Amino acid sequence: MSDDELQTLNRPQVVRTPADQRLPASAHVAPTWLGPVLIVGIVLAALNLRPAITSLGALFEETRTGLGMSGTVAGLITSVPALCFAVFGVTAPRLSRRFGPAAVVCAGMAAIATGLLIRPFTSGAVGFLAASALSLAGIALTNVLLPVIVKRYFPDRVGTMTGLYSMALAAGTSLAAAATVPLTGALGGSWRTGLLVWALLALIAVLPWLPIARASRRAARAAAAEQAGAGTAVRADAGPRIARSRTAWALACYFGLQATGAYVTMGWLPQIFRDAGVSASTAGVLLAVTMVMGVPLAFVIPRLAGRMRNQGAIAAALGLFGLAGYLGLYFAPAAGAWAWALLLGISNCAFPLVITLIGLRAKSPAGVVKLSAFAQSIGYLISIPGPLLIGTLYQHSGGWDLPLALMAGLLVPQMLLGVLAGRDRTIEDECGMRD
């Protein structure tokens, strides 16, 4: 990020309320410290959006044995994240209107930390599942509202800020996956300690959101008081009726298909390589390569998308990388393993693209929060059957030809939906709302 961009981000910005887009600036000028603290808060929040999941994946066998989980319960835990993201994400717009997005993100960070603190000390699968669900609820709310925070406080830097937190999210995902086992060994070997470590990162993330939430509430009260003094009624803006928008449906389905590909890659790619004759250790490294690709590209792609009027070409290009990767796995999984891992890592960067599109396809914060909740909730519901279906096809067909053909085939509608979602239009225009 350039010095000019940092200065722009740090500059106090005008926060516009839906009820009155042209209130006097006195009620809306943010304190000078808010810009830098927001950047730190967004990065720390993004770092905590996946360790609750990937740290458990690294120690899943030890956790399952330690808690005496049955195979059914273990399977339930692996499918809970997407379900929680869909269920709890729906509540984000209502909570945001009631308390403000910054306060809800602060509460989400606290929920993540609390769940991560509790679950290592549970003695049974039910308690562990409940504590995990608490963390996942916090993640779901933050998933939905971070694009809203970006749109509200950095309206002219949506691509840059989305890239920043997408990169942090990818880094947190990779860090927890790679570091949990070594940290567990260094701290005595207990899976409980290995999982508990990530609660510390979540607790740190709560700290910047406390003053951010207070500043946001003060600004909201000042705006309401000024409106009351001017005789202007404060109107809660629920945003557009999202289900009427074709772009919203295209985004939701695109989100679901890219999430399906990502979950299949994270869950099954090492097994695909191992069945092709690659060693277990090398297969793990190949998965890490796929995941690490998301760190630099998660910053580059949103910035590029933010500078374009139509982002469909990016969606199509990412899909073509994925097609090449799946075709390579189909015909020569071991011979070109490193190339296929790289190609699938690039394709999985559809996630930062779709998050950027959420911020670009709505004009107002109210529109962004509804679009974000709609796209993510519908999208995660779409993604739930994917890994289970791939596992079933693998079991009944006895190989990976049919599952890989299915994943390659799903990339075709994914690219088409990405082209539709990337068109230069907003959900407010499609729903017939005035600015």
# chains A, B, ... in the order shown; residues from 1 in each chain; ligands from 1
call {"tool": "select_by_dssp", "arguments": {"residues": "segment 187-298 of chain A", "states": "helix (DSSP H, G or I)", "output": "ChimeraX atom specification"}}
result
/A:191-229,242-244,246-275,280-292,294-298
call {"tool": "residues_around", "arguments": {"residues": "segment 100-115 of chain A", "least_positions_apart": "3", "cutoff": "6 Å", "atoms": "only C-alpha atoms", "output": "PyMOL selection string"}}
result
chain A and resi 96-97+118+131-132+134-135+138+142+199+202-203+206+209+213
call {"tool": "residues_around", "arguments": {"residues": "Ala252 of chain A", "least_positions_apart": "5", "cutoff": "10 Å", "atoms": "only C-alpha atoms", "output": "MDAnalysis selection string"}}
result
chainID A and resid 246:247 257 354 358 371:382 417 421
call {"tool": "write_last_selection", "arguments": {"atoms": "N, CA and C atoms", "output": "tab-separated table (two decimals), in the first residue's frame"}}
result
chain	number	residue	atom	x	y	z
A	246	ARG	N	-31.45	-9.69	-9.51
A	246	ARG	CA	-30.76	-10.78	-10.20
A	246	ARG	C	-29.28	-10.82	-9.86
A	247	THR	N	-28.70	-9.64	-9.67
A	247	THR	CA	-27.28	-9.59	-9.30
A	247	THR	C	-27.05	-10.24	-7.95
A	257	LEU	N	-20.82	-21.74	-5.14
A	257	LEU	CA	-20.00	-22.64	-5.95
A	257	LEU	C	-18.51	-22.48	-5.65
A	354	VAL	N	-15.37	-12.32	-4.73
A	354	VAL	CA	-16.80	-12.21	-4.43
A	354	VAL	C	-17.04	-11.27	-3.24
A	358	ILE	N	-19.36	-7.79	-3.39
A	358	ILE	CA	-20.42	-7.42	-2.44
A	358	ILE	C	-20.36	-5.93	-2.13
A	371	LEU	N	-26.91	-7.37	1.20
A	371	LEU	CA	-26.30	-8.18	0.14
A	371	LEU	C	-25.29	-9.16	0.71
A	372	SER	N	-24.49	-8.70	1.67
A	372	SER	CA	-23.50	-9.57	2.28
A	372	SER	C	-24.16	-10.74	3.00
A	373	ALA	N	-25.20	-10.45	3.79
A	373	ALA	CA	-25.89	-11.51	4.51
A	373	ALA	C	-26.57	-12.48	3.55
A	374	PHE	N	-27.22	-11.93	2.52
A	374	PHE	CA	-27.93	-12.76	1.56
A	374	PHE	C	-26.96	-13.67	0.80
A	375	ALA	N	-25.91	-13.07	0.23
A	375	ALA	CA	-24.97	-13.84	-0.59
A	375	ALA	C	-24.25	-14.90	0.23
A	376	GLN	N	-23.82	-14.55	1.45
A	376	GLN	CA	-23.07	-15.51	2.25
A	376	GLN	C	-23.96	-16.61	2.82
A	377	SER	N	-25.16	-16.24	3.28
A	377	SER	CA	-26.05	-17.25	3.86
A	377	SER	C	-26.51	-18.25	2.79
A	378	ILE	N	-27.00	-17.75	1.67
A	378	ILE	CA	-27.40	-18.65	0.58
A	378	ILE	C	-26.19	-19.42	0.06
A	379	GLY	N	-25.07	-18.72	-0.07
A	379	GLY	CA	-23.88	-19.37	-0.60
A	379	GLY	C	-23.38	-20.51	0.26
A	380	TYR	N	-23.32	-20.30	1.57
A	380	TYR	CA	-22.84	-21.37	2.46
A	380	TYR	C	-23.81	-22.54	2.49
A	381	LEU	N	-25.12	-22.27	2.38
A	381	LEU	CA	-26.09	-23.37	2.29
A	381	LEU	C	-25.84	-24.20	1.03
A	382	ILE	N	-25.57	-23.53	-0.08
A	382	ILE	CA	-25.27	-24.24	-1.33
A	382	ILE	C	-24.03	-25.12	-1.18
A	417	LEU	N	-21.92	-17.37	-13.67
A	417	LEU	CA	-22.48	-16.56	-12.59
A	417	LEU	C	-21.55	-15.41	-12.22
A	421	ALA	N	-22.52	-11.54	-12.10
A	421	ALA	CA	-22.35	-10.75	-10.88
A	421	ALA	C	-21.36	-9.61	-11.09
call {"tool": "atom_distance", "arguments": {"atom1": "atom CA of Ala408 of chain A", "atom2": "atom CA of Tyr330 of chain A"}}
result
9.7 Å
call {"tool": "residues_around", "arguments": {"residues": "Met69 of chain A", "least_positions_apart": "3", "cutoff": "12 Å", "atoms": "only C-alpha atoms", "output": "list of chain:residue names"}}
result
A:Phe60, A:Glu61, A:Glu62, A:Thr63, A:Arg64, A:Thr65, A:Gly66, A:Thr72, A:Val73, A:Ala74, A:Gly75, A:Leu76, A:Ile77, A:Ser123, A:Gly124, A:Ala125, A:Val126, A:Gly127, A:Phe128, A:Leu129
call {"tool": "residues_around", "arguments": {"residues": "Ser166 of chain A", "least_positions_apart": "4", "cutoff": "7 Å", "atoms": "only C-alpha atoms", "output": "mmCIF file with all heavy atoms, in the first residue's frame"}}
result
data_model
loop_
_atom_site.group_PDB
_atom_site.id
_atom_site.type_symbol
_atom_site.label_atom_id
_atom_site.label_comp_id
_atom_site.auth_asym_id
_atom_site.auth_seq_id
_atom_site.Cartn_x
_atom_site.Cartn_y
_atom_site.Cartn_z
ATOM 1 N N THR A 162 -10.567 -4.334 1.022
ATOM 2 C CA THR A 162 -11.009 -5.719 0.909
ATOM 3 C C THR A 162 -9.811 -6.632 0.657
ATOM 4 O O THR A 162 -9.728 -7.735 1.209
ATOM 5 C CB THR A 162 -12.036 -5.868 -0.221
ATOM 6 O OG1 THR A 162 -13.153 -5.017 0.035
ATOM 7 C CG2 THR A 162 -12.528 -7.302 -0.328
ATOM 8 N N ALA A 170 -6.614 -15.082 4.607
ATOM 9 C CA ALA A 170 -5.851 -16.193 4.045
ATOM 10 C C ALA A 170 -4.638 -16.524 4.903
ATOM 11 O O ALA A 170 -4.302 -17.696 5.105
ATOM 12 C CB ALA A 170 -5.415 -15.857 2.619
ATOM 13 N N ALA A 298 -4.970 -12.573 -2.626
ATOM 14 C CA ALA A 298 -6.126 -11.997 -1.947
ATOM 15 C C ALA A 298 -5.983 -10.490 -1.782
ATOM 16 O O ALA A 298 -6.979 -9.793 -1.558
ATOM 17 C CB ALA A 298 -6.303 -12.646 -0.570
ATOM 18 N N PHE A 299 -4.767 -9.976 -1.883
ATOM 19 C CA PHE A 299 -4.562 -8.521 -1.853
ATOM 20 C C PHE A 299 -4.610 -7.935 -3.255
ATOM 21 O O PHE A 299 -5.167 -6.858 -3.472
ATOM 22 C CB PHE A 299 -3.222 -8.196 -1.192
ATOM 23 C CG PHE A 299 -2.997 -6.719 -1.005
ATOM 24 C CD1 PHE A 299 -3.775 -5.989 -0.128
ATOM 25 C CD2 PHE A 299 -2.015 -6.056 -1.721
ATOM 26 C CE1 PHE A 299 -3.573 -4.623 0.043
ATOM 27 C CE2 PHE A 299 -1.801 -4.698 -1.562
ATOM 28 C CZ PHE A 299 -2.588 -3.982 -0.673
ATOM 29 N N PRO A 352 -11.887 -13.771 -2.340
ATOM 30 C CA PRO A 352 -11.713 -12.322 -2.218
ATOM 31 C C PRO A 352 -12.395 -11.546 -3.330
ATOM 32 O O PRO A 352 -12.820 -10.407 -3.122
ATOM 33 C CB PRO A 352 -10.194 -12.126 -2.249
ATOM 34 C CG PRO A 352 -9.620 -13.397 -2.759
ATOM 35 C CD PRO A 352 -10.590 -14.471 -2.365
#
call {"tool": "residues_around", "arguments": {"residues": "Thr184 of chain A", "least_positions_apart": "3", "cutoff": "10 Å", "atoms": "only C-alpha atoms", "output": "PyMOL selection string"}}
result
chain A and resi 59+179-181+187-197
call {"tool": "write_last_selection", "arguments": {"atoms": "N, CA, C and O atoms", "output": "short mmCIF file (atom, residue, chain, number, x, y, z; two decimals), in the first residue's frame"}}
result
data_model
loop_
_atom_site.label_atom_id
_atom_site.label_comp_id
_atom_site.auth_asym_id
_atom_site.auth_seq_id
_atom_site.Cartn_x
_atom_site.Cartn_y
_atom_site.Cartn_z
N LEU A 59 -5.79 -30.99 14.42
CA LEU A 59 -5.77 -31.87 15.60
C LEU A 59 -7.05 -32.68 15.72
O LEU A 59 -7.44 -33.09 16.81
N ALA A 179 0.75 -24.14 11.85
CA ALA A 179 1.45 -23.95 13.12
C ALA A 179 0.82 -24.69 14.29
O ALA A 179 1.47 -24.83 15.34
N THR A 180 -0.41 -25.17 14.16
CA THR A 180 -1.08 -25.77 15.32
C THR A 180 -0.35 -27.00 15.84
O THR A 180 -0.12 -27.14 17.05
N VAL A 181 0.03 -27.90 14.95
CA VAL A 181 0.71 -29.13 15.39
C VAL A 181 2.07 -28.82 16.01
O VAL A 181 2.37 -29.32 17.11
N LEU A 187 4.30 -27.10 23.35
CA LEU A 187 3.63 -26.75 24.62
C LEU A 187 3.21 -27.96 25.43
O LEU A 187 2.38 -27.85 26.33
N GLY A 188 3.77 -29.13 25.12
CA GLY A 188 3.52 -30.30 25.94
C GLY A 188 2.79 -31.43 25.26
O GLY A 188 2.68 -32.52 25.83
N GLY A 189 2.24 -31.20 24.08
CA GLY A 189 1.64 -32.29 23.32
C GLY A 189 0.15 -32.47 23.50
O GLY A 189 -0.44 -33.33 22.84
N SER A 190 -0.50 -31.70 24.36
CA SER A 190 -1.93 -31.86 24.58
C SER A 190 -2.73 -31.12 23.50
O SER A 190 -2.47 -29.94 23.22
N TRP A 191 -3.72 -31.78 22.93
CA TRP A 191 -4.56 -31.14 21.91
C TRP A 191 -5.34 -29.97 22.52
O TRP A 191 -5.64 -29.00 21.82
N ARG A 192 -5.63 -30.06 23.81
CA ARG A 192 -6.36 -28.97 24.46
C ARG A 192 -5.53 -27.68 24.46
O ARG A 192 -6.04 -26.59 24.16
N THR A 193 -4.26 -27.80 24.76
CA THR A 193 -3.38 -26.63 24.74
C THR A 193 -3.22 -26.10 23.32
O THR A 193 -3.21 -24.88 23.09
N GLY A 194 -3.10 -27.01 22.37
CA GLY A 194 -2.94 -26.60 20.98
C GLY A 194 -4.12 -25.80 20.46
O GLY A 194 -3.95 -24.84 19.69
N LEU A 195 -5.33 -26.15 20.89
CA LEU A 195 -6.52 -25.39 20.49
C LEU A 195 -6.65 -24.09 21.28
O LEU A 195 -7.13 -23.08 20.76
N LEU A 196 -6.23 -24.12 22.55
CA LEU A 196 -6.38 -22.95 23.41
C LEU A 196 -5.53 -21.78 22.94
O LEU A 196 -5.90 -20.61 23.14
N VAL A 197 -4.40 -22.06 22.32
CA VAL A 197 -3.49 -21.00 21.88
C VAL A 197 -4.21 -19.96 21.03
O VAL A 197 -3.96 -18.75 21.14
#
call {"tool": "atom_distance", "arguments": {"atom1": "atom CA of Phe88 of chain A", "atom2": "atom CA of Thr356 of chain A"}}
result
21.1 Å
